[in-house]
>>> print(open('query_23.cif').read())   # mmCIF, C-alpha atoms and all ligand atoms
data_coords
loop_
_atom_site.group_PDB
_atom_site.id
_atom_site.type_symbol
_atom_site.label_atom_id
_atom_site.label_comp_id
_atom_site.auth_asym_id
_atom_site.auth_seq_id
_atom_site.Cartn_x
_atom_site.Cartn_y
_atom_site.Cartn_z
ATOM 1 C CA MET F 1 49.437 132.504 115.539
ATOM 2 C CA ILE F 2 49.136 131.479 111.873
ATOM 3 C CA LEU F 3 50.584 134.053 109.485
ATOM 4 C CA ASP F 4 49.420 134.444 105.882
ATOM 5 C CA ALA F 5 51.990 134.181 103.075
ATOM 6 C CA ARG F 6 52.520 137.942 102.871
ATOM 7 C CA SER F 7 53.100 138.283 106.623
ATOM 8 C CA GLN F 8 55.440 135.281 106.622
ATOM 9 C CA ARG F 9 57.542 136.833 103.880
ATOM 10 C CA GLN F 10 57.425 140.221 105.591
ATOM 11 C CA ARG F 11 58.729 138.640 108.766
ATOM 12 C CA ALA F 12 61.491 136.737 106.940
ATOM 13 C CA LEU F 13 62.561 139.938 105.168
ATOM 14 C CA ALA F 14 62.602 141.919 108.410
ATOM 15 C CA GLU F 15 64.724 139.254 110.077
ATOM 16 C CA ALA F 16 67.167 139.204 107.153
ATOM 17 C CA ALA F 17 67.335 143.013 107.194
ATOM 18 C CA MET F 18 68.475 142.862 110.828
ATOM 19 C CA ARG F 19 71.258 140.426 109.877
ATOM 20 C CA VAL F 20 72.299 142.753 107.043
ATOM 21 C CA ASP F 21 72.404 145.643 109.466
ATOM 22 C CA ARG F 22 74.785 143.731 111.750
ATOM 23 C CA CYS F 23 77.063 142.661 108.870
ATOM 24 C CA ARG F 24 80.559 144.184 108.836
ATOM 25 C CA LEU F 25 82.195 141.938 106.206
ATOM 26 C CA CYS F 26 83.110 144.994 104.098
ATOM 27 C CA GLU F 27 84.587 148.330 105.146
ATOM 28 C CA ILE F 28 81.487 150.060 103.797
ATOM 29 C CA GLY F 29 79.554 148.259 106.523
ATOM 30 C CA SER F 30 81.271 150.635 108.935
ATOM 31 C CA SER F 31 81.369 153.818 106.820
ATOM 32 C CA ARG F 32 77.667 153.820 105.879
ATOM 33 C CA ARG F 33 75.013 155.503 108.000
ATOM 34 C CA ASN F 34 72.205 153.020 107.375
ATOM 35 C CA SER F 35 72.065 149.685 105.656
ATOM 36 C CA VAL F 36 69.530 149.681 102.810
ATOM 37 C CA TYR F 37 67.991 146.237 102.651
ATOM 38 C CA GLY F 38 65.134 146.832 100.199
ATOM 39 C CA GLU F 39 61.430 147.561 100.232
ATOM 40 C CA GLY F 40 58.190 146.870 98.468
ATOM 41 C CA ASP F 41 55.559 144.190 98.150
ATOM 42 C CA PRO F 42 56.856 140.943 99.715
ATOM 43 C CA LYS F 43 54.732 139.076 97.157
ATOM 44 C CA ALA F 44 55.822 141.226 94.210
ATOM 45 C CA SER F 45 55.862 139.664 90.748
ATOM 46 C CA LEU F 46 58.607 142.059 89.707
ATOM 47 C CA MET F 47 61.833 142.487 91.664
ATOM 48 C CA ILE F 48 64.137 145.313 90.641
ATOM 49 C CA VAL F 49 67.816 145.152 91.538
ATOM 50 C CA GLY F 50 69.976 148.266 91.340
ATOM 51 C CA GLU F 51 73.623 148.866 92.024
ATOM 52 C CA GLY F 52 73.969 150.136 95.559
ATOM 53 C CA PRO F 53 72.613 152.850 97.838
ATOM 54 C CA GLY F 54 73.635 156.440 97.191
ATOM 55 C CA GLN F 55 73.861 159.294 99.653
ATOM 56 C CA THR F 56 70.107 159.898 99.986
ATOM 57 C CA GLU F 57 69.388 156.182 100.366
ATOM 58 C CA ASP F 58 72.162 155.850 102.958
ATOM 59 C CA ALA F 59 70.734 158.752 104.945
ATOM 60 C CA GLN F 60 67.238 157.263 105.047
ATOM 61 C CA GLY F 61 67.829 153.511 104.799
ATOM 62 C CA ARG F 62 65.537 153.169 101.768
ATOM 63 C CA PRO F 63 66.425 152.203 98.169
ATOM 64 C CA PHE F 64 65.952 154.485 95.170
ATOM 65 C CA ILE F 65 64.564 157.571 96.862
ATOM 66 C CA GLY F 66 66.852 160.168 95.218
ATOM 67 C CA ARG F 67 66.701 161.497 91.658
ATOM 68 C CA ALA F 68 67.316 158.076 90.121
ATOM 69 C CA GLY F 69 64.489 156.733 92.258
ATOM 70 C CA GLN F 70 62.115 159.398 91.017
ATOM 71 C CA LEU F 71 62.947 158.457 87.442
ATOM 72 C CA LEU F 72 62.552 154.773 88.293
ATOM 73 C CA GLU F 73 59.044 155.500 89.556
ATOM 74 C CA LYS F 74 58.286 157.267 86.287
ATOM 75 C CA MET F 75 59.654 154.285 84.353
ATOM 76 C CA LEU F 76 57.388 151.988 86.353
ATOM 77 C CA GLY F 77 54.436 154.282 85.680
ATOM 78 C CA ALA F 78 55.010 153.699 81.973
ATOM 79 C CA ILE F 79 54.017 150.061 82.523
ATOM 80 C CA ALA F 80 51.237 150.979 84.946
ATOM 81 C CA LEU F 81 53.106 149.903 88.052
ATOM 82 C CA ARG F 82 53.627 151.842 91.239
ATOM 83 C CA ARG F 83 56.641 151.583 93.459
ATOM 84 C CA GLU F 84 54.606 149.707 96.063
ATOM 85 C CA ASP F 85 53.586 147.055 93.494
ATOM 86 C CA VAL F 86 57.177 145.847 93.062
ATOM 87 C CA TYR F 87 60.124 144.988 95.295
ATOM 88 C CA ILE F 88 63.195 147.218 95.002
ATOM 89 C CA CYS F 89 66.676 146.443 96.281
ATOM 90 C CA ASN F 90 70.360 146.564 95.332
ATOM 91 C CA THR F 91 73.284 144.210 94.771
ATOM 92 C CA VAL F 92 74.938 145.687 97.875
ATOM 93 C CA LYS F 93 73.117 146.869 100.957
ATOM 94 C CA CYS F 94 75.644 149.464 102.155
ATOM 95 C CA ARG F 95 76.614 152.666 100.350
ATOM 96 C CA PRO F 96 79.920 152.219 98.476
ATOM 97 C CA THR F 97 81.975 155.381 98.944
ATOM 98 C CA GLU F 98 85.412 156.827 98.277
ATOM 99 C CA PRO F 99 87.004 160.096 99.403
ATOM 100 C CA GLY F 100 86.077 163.032 97.157
ATOM 101 C CA ALA F 101 86.817 166.756 97.136
ATOM 102 C CA ARG F 102 83.717 167.416 99.280
ATOM 103 C CA GLY F 103 83.728 164.397 101.585
ATOM 104 C CA LEU F 104 82.692 160.877 100.681
ATOM 105 C CA ARG F 105 81.292 160.321 97.212
ATOM 106 C CA ASN F 106 79.474 157.388 95.652
ATOM 107 C CA ARG F 107 81.329 154.725 93.695
ATOM 108 C CA ALA F 108 80.416 151.429 92.052
ATOM 109 C CA PRO F 109 80.454 148.413 94.370
ATOM 110 C CA LEU F 110 83.631 146.300 94.287
ATOM 111 C CA PRO F 111 83.384 142.653 93.187
ATOM 112 C CA ALA F 112 84.317 141.574 96.739
ATOM 113 C CA GLU F 113 81.516 143.720 98.193
ATOM 114 C CA MET F 114 79.011 142.232 95.761
ATOM 115 C CA ALA F 115 80.261 138.741 96.639
ATOM 116 C CA HIS F 116 79.859 139.407 100.379
ATOM 117 C CA CYS F 117 76.319 140.685 99.866
ATOM 118 C CA ARG F 118 75.285 137.994 97.398
ATOM 119 C CA PRO F 119 73.908 135.535 99.964
ATOM 120 C CA PHE F 120 71.648 138.308 101.258
ATOM 121 C CA LEU F 121 70.431 139.047 97.731
ATOM 122 C CA ASP F 122 69.862 135.366 96.959
ATOM 123 C CA GLU F 123 67.940 134.961 100.193
ATOM 124 C CA GLN F 124 65.835 138.026 99.327
ATOM 125 C CA ILE F 125 64.992 136.537 95.916
ATOM 126 C CA ALA F 126 64.141 133.207 97.535
ATOM 127 C CA ILE F 127 61.773 134.875 100.013
ATOM 128 C CA ILE F 128 59.980 137.034 97.429
ATOM 129 C CA ARG F 129 60.046 134.487 94.591
ATOM 130 C CA PRO F 130 59.288 137.074 91.869
ATOM 131 C CA SER F 131 58.170 136.001 88.393
ATOM 132 C CA VAL F 132 60.553 138.480 86.790
ATOM 133 C CA LEU F 133 63.861 140.096 87.767
ATOM 134 C CA LEU F 134 64.937 143.431 86.294
ATOM 135 C CA ALA F 135 68.569 144.416 86.811
ATOM 136 C CA LEU F 136 69.434 148.094 86.434
ATOM 137 C CA GLY F 137 72.829 148.948 85.008
ATOM 138 C CA VAL F 138 76.136 147.216 84.536
ATOM 139 C CA PRO F 139 77.145 146.284 88.113
ATOM 140 C CA ALA F 140 73.780 144.597 88.762
ATOM 141 C CA ALA F 141 73.969 142.857 85.376
ATOM 142 C CA LYS F 142 77.485 141.575 86.083
ATOM 143 C CA ALA F 143 76.433 140.358 89.518
ATOM 144 C CA PHE F 144 73.910 138.049 87.844
ATOM 145 C CA LEU F 145 75.410 137.341 84.438
ATOM 146 C CA GLY F 146 79.159 137.567 84.882
ATOM 147 C CA LYS F 147 81.914 140.047 84.179
ATOM 148 C CA ASP F 148 81.679 139.788 80.378
ATOM 149 C CA PHE F 149 78.169 141.249 80.224
ATOM 150 C CA LEU F 150 77.878 144.015 77.592
ATOM 151 C CA ILE F 151 74.956 146.306 78.235
ATOM 152 C CA GLY F 152 74.998 147.837 74.741
ATOM 153 C CA LYS F 153 74.457 144.396 73.194
ATOM 154 C CA GLN F 154 72.709 142.425 75.895
ATOM 155 C CA ARG F 155 70.151 144.710 77.510
ATOM 156 C CA GLY F 156 66.552 143.922 76.652
ATOM 157 C CA ILE F 157 67.251 140.183 76.313
ATOM 158 C CA TRP F 158 65.769 137.510 78.549
ATOM 159 C CA PHE F 159 68.252 135.418 80.515
ATOM 160 C CA ALA F 160 67.749 132.615 83.019
ATOM 161 C CA GLY F 161 68.514 134.477 86.224
ATOM 162 C CA PRO F 162 69.144 133.170 89.731
ATOM 163 C CA GLN F 163 66.801 130.415 90.862
ATOM 164 C CA GLY F 164 65.693 130.057 87.211
ATOM 165 C CA ILE F 165 63.807 133.366 87.278
ATOM 166 C CA PRO F 166 63.606 135.252 83.932
ATOM 167 C CA LEU F 167 66.008 138.192 84.123
ATOM 168 C CA MET F 168 66.321 141.262 81.950
ATOM 169 C CA VAL F 169 68.858 144.062 82.171
ATOM 170 C CA THR F 170 68.108 147.632 81.231
ATOM 171 C CA PHE F 171 69.925 150.915 81.656
ATOM 172 C CA HIS F 172 70.149 152.363 85.158
ATOM 173 C CA PRO F 173 67.997 155.491 85.661
ATOM 174 C CA ALA F 174 71.110 157.344 86.889
ATOM 175 C CA TYR F 175 72.664 156.638 83.466
ATOM 176 C CA LEU F 176 69.594 158.112 81.805
ATOM 177 C CA LEU F 177 69.923 161.208 83.965
ATOM 178 C CA ARG F 178 73.501 161.675 82.716
ATOM 179 C CA GLN F 179 72.428 161.722 79.042
ATOM 180 C CA THR F 180 72.127 165.059 77.313
ATOM 181 C CA GLY F 181 70.209 166.270 74.287
ATOM 182 C CA GLY F 182 69.010 163.638 71.849
ATOM 183 C CA ASN F 183 70.812 160.889 73.755
ATOM 184 C CA PHE F 184 68.319 161.149 76.579
ATOM 185 C CA GLU F 185 65.406 160.498 74.196
ATOM 186 C CA ALA F 186 67.251 157.655 72.478
ATOM 187 C CA VAL F 187 68.167 155.839 75.703
ATOM 188 C CA THR F 188 64.717 156.513 77.177
ATOM 189 C CA ALA F 189 63.152 154.846 74.127
ATOM 190 C CA LEU F 190 65.320 151.736 74.643
ATOM 191 C CA VAL F 191 64.368 151.570 78.320
ATOM 192 C CA GLY F 192 60.718 151.990 77.312
ATOM 193 C CA ASP F 193 61.032 148.964 74.988
ATOM 194 C CA ASP F 194 62.628 146.907 77.762
ATOM 195 C CA LEU F 195 59.894 147.821 80.199
ATOM 196 C CA GLN F 196 57.179 146.870 77.731
ATOM 197 C CA ALA F 197 58.875 143.461 77.413
ATOM 198 C CA VAL F 198 58.862 143.190 81.201
ATOM 199 C CA ARG F 199 55.171 144.013 81.262
ATOM 200 C CA SER F 200 54.435 141.351 78.648
ATOM 201 C CA LYS F 201 56.437 138.799 80.629
ATOM 202 C CA LEU F 202 54.534 139.680 83.799
ATOM 203 C CA GLU F 203 51.212 139.308 81.999
ATOM 204 C CA ALA F 204 52.313 135.981 80.528
ATOM 205 C CA SER F 205 53.125 134.789 84.038
ATOM 206 C CA GLY F 206 49.599 135.622 85.196
ATOM 207 C CA PHE F 207 50.126 139.063 86.667
ATOM 208 C CA GLY F 208 46.685 140.689 86.634
ATOM 209 C CA GLN F 209 47.241 144.246 87.778
ATOM 210 C CA VAL F 210 48.818 145.641 84.650
ATOM 211 C CA GLY F 211 46.547 148.183 82.966
ATOM 212 C CA ALA F 212 46.865 151.183 80.687
ATOM 213 C CA SER F 213 50.345 152.603 80.234
ATOM 214 C CA GLN F 214 51.459 156.191 80.740
ATOM 215 C CA ALA F 215 54.062 158.002 78.702
ATOM 216 C CA LEU F 216 57.615 157.672 80.039
ATOM 217 C CA SER F 217 58.826 161.057 78.883
HETATM 218 N N1 LIG I 301 71.093 153.817 92.661
HETATM 219 C C1 LIG I 301 71.038 152.513 92.952
HETATM 220 O O1 LIG I 301 71.566 151.681 92.248
HETATM 221 N N2 LIG I 301 70.370 152.143 94.026
HETATM 222 C C2 LIG I 301 69.748 153.004 94.824
HETATM 223 O O2 LIG I 301 69.153 152.567 95.799
HETATM 224 C C3 LIG I 301 69.818 154.372 94.489
HETATM 225 C C4 LIG I 301 70.494 154.754 93.411
#
>>> encode(input="query_23.cif", output="structure tokens")
Amino acid sequence: MILDARSQRQRALAEAAMRVDRCRLCEIGSSRRNSVYGEGDPKASLMIVGEGPGQTEDAQGRPFIGRAGQLLEKMLGAIALRREDVYICNTVKCRPTEPGARGLRNRAPLPAEMAHCRPFLDEQIAIIRPSVLLALGVPAAKAFLGKDFLIGKQRGIWFAGPQGIPLMVTFHPAYLLRQTGGNFEAVTALVGDDLQAVRSKLEASGFGQVGASQALS
């Protein structure tokens, strides 16, 4: 049977997701409920990389489906993209947790966890071959650009990302959700600028589906 490019990529992603699910290199490979490999269009022009699965994602095995995910979808809507038009994943595929007052709570992934998961992420990028990578938040930025990355100064700038793919970093939607009062509007405006730059980059790389934009707020 001859598979088209989309089906070939879909199959490669499904096979990699099974390897991720069997991985126990980190302790969080045993504490998580589900691995969260990633989802979206296997031929996506835009690949979005977040930090790591949270509680909702861990429960369902899908990335960005909680409150941050809802905001991410709204952010994408502002550049006329739907969730299913892009590919969404994380630097680590298992939920990083620590003991909290009410059971396990989310934490940022450790450098060792990101290093263990990196081959999976690189393989994912190589399968999808996006035109543009968008990293959300500091841990994802540091995974690609090193520990000295400063989000306040370096978000919204194009970098040469892995495999030579143009990479931009913007604020994580969960960070936006933590802003109060005027800060929320200010940070939302910065993210809006970054997303418009992503849209322009996609159009410059031949992406044809980008149409009218919606308001982000
Ligand atoms: N935050 C992330 O970084 N990734 C998810 O999948 C959900 C929330």
>>> residues_near_point(input="query_23.cif", point="(71.3, 148.5, 84.8)", cutoff="7 Å", atoms="all atoms listed in the file", output="JSON, numbers by chain")
{"F": [50, 135, 136, 137, 138, 140, 141, 169, 170, 171, 172]}
>>> closest_residue(input="query_23.cif", among="F:Arg178, F:Lys43, F:Arg155, F:Arg6", to="Ile125 (chain F)", atoms="all atoms listed in the file")
F:Lys43
>>> residues_near_ligand(input="query_23.cif", ligand="ligand LIG 301 (chain I)", cutoff="6 Å", atoms="all atoms listed in the file", output="PyMOL selection string")
chain F and resi 50-54+57+63-64+68+90
>>> write_last_selection(input="query_23.cif", atoms="C-alpha atoms", output="mmCIF file, in the frame of the given file")
data_model
loop_
_atom_site.group_PDB
_atom_site.id
_atom_site.type_symbol
_atom_site.label_atom_id
_atom_site.label_comp_id
_atom_site.auth_asym_id
_atom_site.auth_seq_id
_atom_site.Cartn_x
_atom_site.Cartn_y
_atom_site.Cartn_z
ATOM 1 C CA GLY F 50 69.976 148.266 91.340
ATOM 2 C CA GLU F 51 73.623 148.866 92.024
ATOM 3 C CA GLY F 52 73.969 150.136 95.559
ATOM 4 C CA PRO F 53 72.613 152.850 97.838
ATOM 5 C CA GLY F 54 73.635 156.440 97.191
ATOM 6 C CA GLU F 57 69.388 156.182 100.366
ATOM 7 C CA PRO F 63 66.425 152.203 98.169
ATOM 8 C CA PHE F 64 65.952 154.485 95.170
ATOM 9 C CA ALA F 68 67.316 158.076 90.121
ATOM 10 C CA ASN F 90 70.360 146.564 95.332
#
>>> residues_near_point(input="query_23.cif", point="(66.1, 135.5, 79.8)", cutoff="12 Å", atoms="only C-alpha atoms", output="MDAnalysis selection string")
chainID F and resid 131:135 144:145 154:162 164:169 197:198 201
>>> resolve_selection(input="query_23.cif", expression="the PyMOL selection byres (((chain F and resi 44) around 9) and not hetatm)", output="mmCIF file with C-alpha atoms, keeping the file's coordinate frame")
data_model
loop_
_atom_site.group_PDB
_atom_site.id
_atom_site.type_symbol
_atom_site.label_atom_id
_atom_site.label_comp_id
_atom_site.auth_asym_id
_atom_site.auth_seq_id
_atom_site.Cartn_x
_atom_site.Cartn_y
_atom_site.Cartn_z
ATOM 1 C CA GLY F 40 58.190 146.870 98.468
ATOM 2 C CA ASP F 41 55.559 144.190 98.150
ATOM 3 C CA PRO F 42 56.856 140.943 99.715
ATOM 4 C CA LYS F 43 54.732 139.076 97.157
ATOM 5 C CA SER F 45 55.862 139.664 90.748
ATOM 6 C CA LEU F 46 58.607 142.059 89.707
ATOM 7 C CA MET F 47 61.833 142.487 91.664
ATOM 8 C CA GLU F 84 54.606 149.707 96.063
ATOM 9 C CA ASP F 85 53.586 147.055 93.494
ATOM 10 C CA VAL F 86 57.177 145.847 93.062
ATOM 11 C CA TYR F 87 60.124 144.988 95.295
ATOM 12 C CA ILE F 128 59.980 137.034 97.429
ATOM 13 C CA ARG F 129 60.046 134.487 94.591
ATOM 14 C CA PRO F 130 59.288 137.074 91.869
ATOM 15 C CA SER F 131 58.170 136.001 88.393
#
>>> resolve_selection(input="query_23.cif", expression="the PyMOL selection byres (((chain F and resi 189) around 12) and not hetatm)", output="list in words")
Met75, Ala78, Gly156, Thr170, Phe171, Leu176, Gly182, Asn183, Phe184, Glu185, Ala186, Val187, Thr188, Leu190, Val191, Gly192, Asp193, Asp194, Leu195, Gln196, Ala215, Leu216 and Ser217 of chain F
>>> residues_around(input="query_23.cif", residues="Val36 (chain F)", least_positions_apart="6", cutoff="6 Å", atoms="all atoms listed in the file", output="list in words")
Gly61, Arg62 and Lys93 of chain F
>>> closest_residue(input="query_23.cif", among="F:Ala59, F:Leu110, F:Leu121, F:Cys94", to="Ser30 (chain F)", atoms="all atoms listed in the file")
F:Cys94
>>> atom_distance(input="query_23.cif", atom1="CA of Gly208 (chain F)", atom2="CA of Asp122 (chain F)")
25.9 Å
>>> axis_aligned_box(input="query_23.cif", around="region 21-39 of chain F", padding_each_side="5 Å", output="JSON")
{"center_x": 73.0, "center_y": 148.7, "center_z": 106.0, "size_x": 33.2, "size_y": 23.6, "size_z": 21.6}
>>> closest_residue(input="query_23.cif", among="F:Ser200, F:Ser31, F:Gln124, F:Gln70", to="Leu104 (chain F)", atoms="only C-alpha atoms")
F:Ser31
>>> closest_residue(input="query_23.cif", among="F:Arg82, F:Arg118, F:Arg32, F:Lys153", to="Asn106 (chain F)", atoms="only C-alpha atoms")
F:Arg32
